[in-house]
Amino acid sequence: MLAPSRRALQYLIDSLANRASNIDMLCNIAKTVCIVFPPKVKRKLVISTFPTFKLENIDFKFVTEFKYLDHIIANDEHDDKDMSHEVRAMFTHTHILARRFSACSNTF
């Protein structure tokens with residue numbers, strides 16, 4: 001969920017909890033985290049610490065990065081770690097293909 005303010009995000013979390021309980025669905029709080037993206041202009045930073053968000057009286061954990069759909073999302077808005085992960089995955093897949101087809105002939 002994305003929200004422009006702390007109050008709006010807590011409202012969305014509460015709405016999610018209400019709707020989920022209506023259909024007998026549970027939220028996995030262990031897999032739920034909060035990330036804060038700081039403003040590009042540092043002087044526009046209003047506060048440096050944030051109150052915790054709660055779902056069913058359990059606090060969400062604040063992180064600086066997390067993995068979503070196999071992509072690393074970081075609050076510094078850089079994709080260095082994600083690109084490094086993708087390059088490693090590409091080399092791994094290339095190595096697997098080279099090993100799997102190493103016995104094939106070179107003629108077409």
# chains A, B, ... in the order shown; residues from 1 in each chain; ligands from 1
$ residues_around --residues "Ile29 in chain A" --least-positions-apart "3" --cutoff "12 Å" --atoms "only C-alpha atoms" --output "list in words"
Ile13, Ala17, Leu26, Thr32, Val33, Cys34, Phe53, Lys54, Leu55, Glu56, Asn57, Ile58, Asp59, Phe60 and Lys61 of chain A
$ write_last_selection --atoms "N, CA and C atoms" --output "PDB file, in the first residue's frame"
ATOM      1  N   ILE A  13      -4.609   0.368   6.264  1.00  0.00           N
ATOM      2  CA  ILE A  13      -4.331  -0.875   6.988  1.00  0.00           C
ATOM      3  C   ILE A  13      -5.565  -1.332   7.750  1.00  0.00           C
ATOM      4  N   ALA A  17      -7.805  -4.745   7.195  1.00  0.00           N
ATOM      5  CA  ALA A  17      -8.105  -5.690   8.278  1.00  0.00           C
ATOM      6  C   ALA A  17      -9.610  -5.947   8.369  1.00  0.00           C
ATOM      7  N   LEU A  26      -6.794 -13.918   6.626  1.00  0.00           N
ATOM      8  CA  LEU A  26      -5.807 -13.400   7.572  1.00  0.00           C
ATOM      9  C   LEU A  26      -4.668 -12.723   6.823  1.00  0.00           C
ATOM     10  N   THR A  32       4.954  -8.601   6.252  1.00  0.00           N
ATOM     11  CA  THR A  32       4.565  -7.228   5.965  1.00  0.00           C
ATOM     12  C   THR A  32       5.558  -6.266   6.609  1.00  0.00           C
ATOM     13  N   VAL A  33       6.081  -5.342   5.815  1.00  0.00           N
ATOM     14  CA  VAL A  33       7.042  -4.371   6.321  1.00  0.00           C
ATOM     15  C   VAL A  33       6.669  -2.975   5.836  1.00  0.00           C
ATOM     16  N   CYS A  34       7.254  -1.984   6.476  1.00  0.00           N
ATOM     17  CA  CYS A  34       7.078  -0.588   6.068  1.00  0.00           C
ATOM     18  C   CYS A  34       8.419  -0.061   5.587  1.00  0.00           C
ATOM     19  N   PHE A  53       3.133   1.388  12.607  1.00  0.00           N
ATOM     20  CA  PHE A  53       1.805   1.074  12.092  1.00  0.00           C
ATOM     21  C   PHE A  53       1.407  -0.266  12.674  1.00  0.00           C
ATOM     22  N   LYS A  54       0.139  -0.420  12.941  1.00  0.00           N
ATOM     23  CA  LYS A  54      -0.334  -1.626  13.612  1.00  0.00           C
ATOM     24  C   LYS A  54      -1.437  -2.303  12.811  1.00  0.00           C
ATOM     25  N   LEU A  55      -1.399  -3.624  12.877  1.00  0.00           N
ATOM     26  CA  LEU A  55      -2.476  -4.450  12.360  1.00  0.00           C
ATOM     27  C   LEU A  55      -2.758  -5.481  13.431  1.00  0.00           C
ATOM     28  N   GLU A  56      -3.964  -5.455  13.942  1.00  0.00           N
ATOM     29  CA  GLU A  56      -4.362  -6.360  15.024  1.00  0.00           C
ATOM     30  C   GLU A  56      -3.399  -6.250  16.208  1.00  0.00           C
ATOM     31  N   ASN A  57      -3.049  -5.019  16.570  1.00  0.00           N
ATOM     32  CA  ASN A  57      -2.168  -4.696  17.704  1.00  0.00           C
ATOM     33  C   ASN A  57      -0.759  -5.253  17.569  1.00  0.00           C
ATOM     34  N   ILE A  58      -0.324  -5.540  16.369  1.00  0.00           N
ATOM     35  CA  ILE A  58       1.044  -5.975  16.123  1.00  0.00           C
ATOM     36  C   ILE A  58       1.719  -4.914  15.259  1.00  0.00           C
ATOM     37  N   ASP A  59       2.914  -4.492  15.680  1.00  0.00           N
ATOM     38  CA  ASP A  59       3.640  -3.447  14.966  1.00  0.00           C
ATOM     39  C   ASP A  59       4.287  -3.995  13.702  1.00  0.00           C
ATOM     40  N   PHE A  60       4.234  -3.193  12.650  1.00  0.00           N
ATOM     41  CA  PHE A  60       4.963  -3.514  11.436  1.00  0.00           C
ATOM     42  C   PHE A  60       6.418  -3.133  11.631  1.00  0.00           C
ATOM     43  N   LYS A  61       7.298  -3.876  10.987  1.00  0.00           N
ATOM     44  CA  LYS A  61       8.725  -3.625  11.053  1.00  0.00           C
ATOM     45  C   LYS A  61       9.100  -2.614   9.971  1.00  0.00           C
TER      46      LYS A  61
END
$ select_by_dssp --residues "range 2-103 of chain A" --states "strand (DSSP E)" --output "list in words"
Val33, Cys34, Ile35, Lys54, Leu55, Ile58, Asp59, Lys61, Phe62, Val63, Glu65, Phe66, Lys67, Tyr68, His71, Ile72, Ile73 and Ala74 of chain A
$ closest_residue --among "A:Ala89, A:Ala103, A:Ala98, A:Ile35" --to "Ala74 in chain A" --atoms "only C-alpha atoms"
A:Ile35
$ select_by_dssp --residues "chain A" --states "alpha helix (DSSP H)" --output "PyMOL selection string"
chain A and resi 6-22+80-100
$ write_last_selection --atoms "C-alpha atoms" --output "PDB file, in the first residue's frame"
ATOM      1  CA  ARG A   6       0.894   8.314   8.190  1.00  0.00           C
ATOM      2  CA  ARG A   7      -2.780   8.726   9.003  1.00  0.00           C
ATOM      3  CA  ALA A   8      -3.839   7.701   5.492  1.00  0.00           C
ATOM      4  CA  LEU A   9      -1.686   4.582   5.621  1.00  0.00           C
ATOM      5  CA  GLN A  10      -3.057   3.513   9.003  1.00  0.00           C
ATOM      6  CA  TYR A  11      -6.568   4.053   7.596  1.00  0.00           C
ATOM      7  CA  LEU A  12      -5.748   1.763   4.644  1.00  0.00           C
ATOM      8  CA  ILE A  13      -4.331  -0.875   6.988  1.00  0.00           C
ATOM      9  CA  ASP A  14      -7.447  -0.742   9.165  1.00  0.00           C
ATOM     10  CA  SER A  15      -9.677  -0.982   6.087  1.00  0.00           C
ATOM     11  CA  LEU A  16      -7.724  -3.999   4.882  1.00  0.00           C
ATOM     12  CA  ALA A  17      -8.105  -5.690   8.278  1.00  0.00           C
ATOM     13  CA  ASN A  18     -11.866  -5.067   8.299  1.00  0.00           C
ATOM     14  CA  ARG A  19     -12.403  -6.346   4.770  1.00  0.00           C
ATOM     15  CA  ALA A  20     -10.164  -9.356   5.334  1.00  0.00           C
ATOM     16  CA  SER A  21     -12.055 -10.357   8.466  1.00  0.00           C
ATOM     17  CA  ASN A  22     -15.345 -10.115   6.553  1.00  0.00           C
ATOM     18  CA  ASP A  80      22.348  -1.306  -7.630  1.00  0.00           C
ATOM     19  CA  LYS A  81      21.469  -4.309  -5.479  1.00  0.00           C
ATOM     20  CA  ASP A  82      18.647  -5.370  -7.791  1.00  0.00           C
ATOM     21  CA  MET A  83      20.864  -5.065 -10.883  1.00  0.00           C
ATOM     22  CA  SER A  84      23.628  -7.047  -9.167  1.00  0.00           C
ATOM     23  CA  HIS A  85      21.077  -9.747  -8.298  1.00  0.00           C
ATOM     24  CA  GLU A  86      19.809  -9.855 -11.902  1.00  0.00           C
ATOM     25  CA  VAL A  87      23.341 -10.102 -13.350  1.00  0.00           C
ATOM     26  CA  ARG A  88      24.172 -12.989 -10.984  1.00  0.00           C
ATOM     27  CA  ALA A  89      20.950 -14.734 -12.010  1.00  0.00           C
ATOM     28  CA  MET A  90      21.784 -14.259 -15.698  1.00  0.00           C
ATOM     29  CA  PHE A  91      25.275 -15.766 -15.231  1.00  0.00           C
ATOM     30  CA  THR A  92      23.787 -18.673 -13.304  1.00  0.00           C
ATOM     31  CA  HIS A  93      21.265 -19.417 -16.060  1.00  0.00           C
ATOM     32  CA  THR A  94      23.946 -19.063 -18.734  1.00  0.00           C
ATOM     33  CA  HIS A  95      26.190 -21.486 -16.870  1.00  0.00           C
ATOM     34  CA  ILE A  96      23.325 -23.989 -16.562  1.00  0.00           C
ATOM     35  CA  LEU A  97      22.620 -23.783 -20.311  1.00  0.00           C
ATOM     36  CA  ALA A  98      26.308 -24.122 -21.221  1.00  0.00           C
ATOM     37  CA  ARG A  99      26.677 -27.157 -18.977  1.00  0.00           C
ATOM     38  CA  ARG A 100      23.448 -28.761 -20.218  1.00  0.00           C
TER      39      ARG A 100
END
$ atom_distance --atom1 "CA of Phe37 in chain A" --atom2 "CA of Asn75 in chain A"
4.9 Å
$ atom_distance --atom1 "CA of Leu2 in chain A" --atom2 "CA of Asn28 in chain A"
17.9 Å
$ atom_distance --atom1 "CA of Met25 in chain A" --atom2 "CA of Pro51 in chain A"
26.2 Å
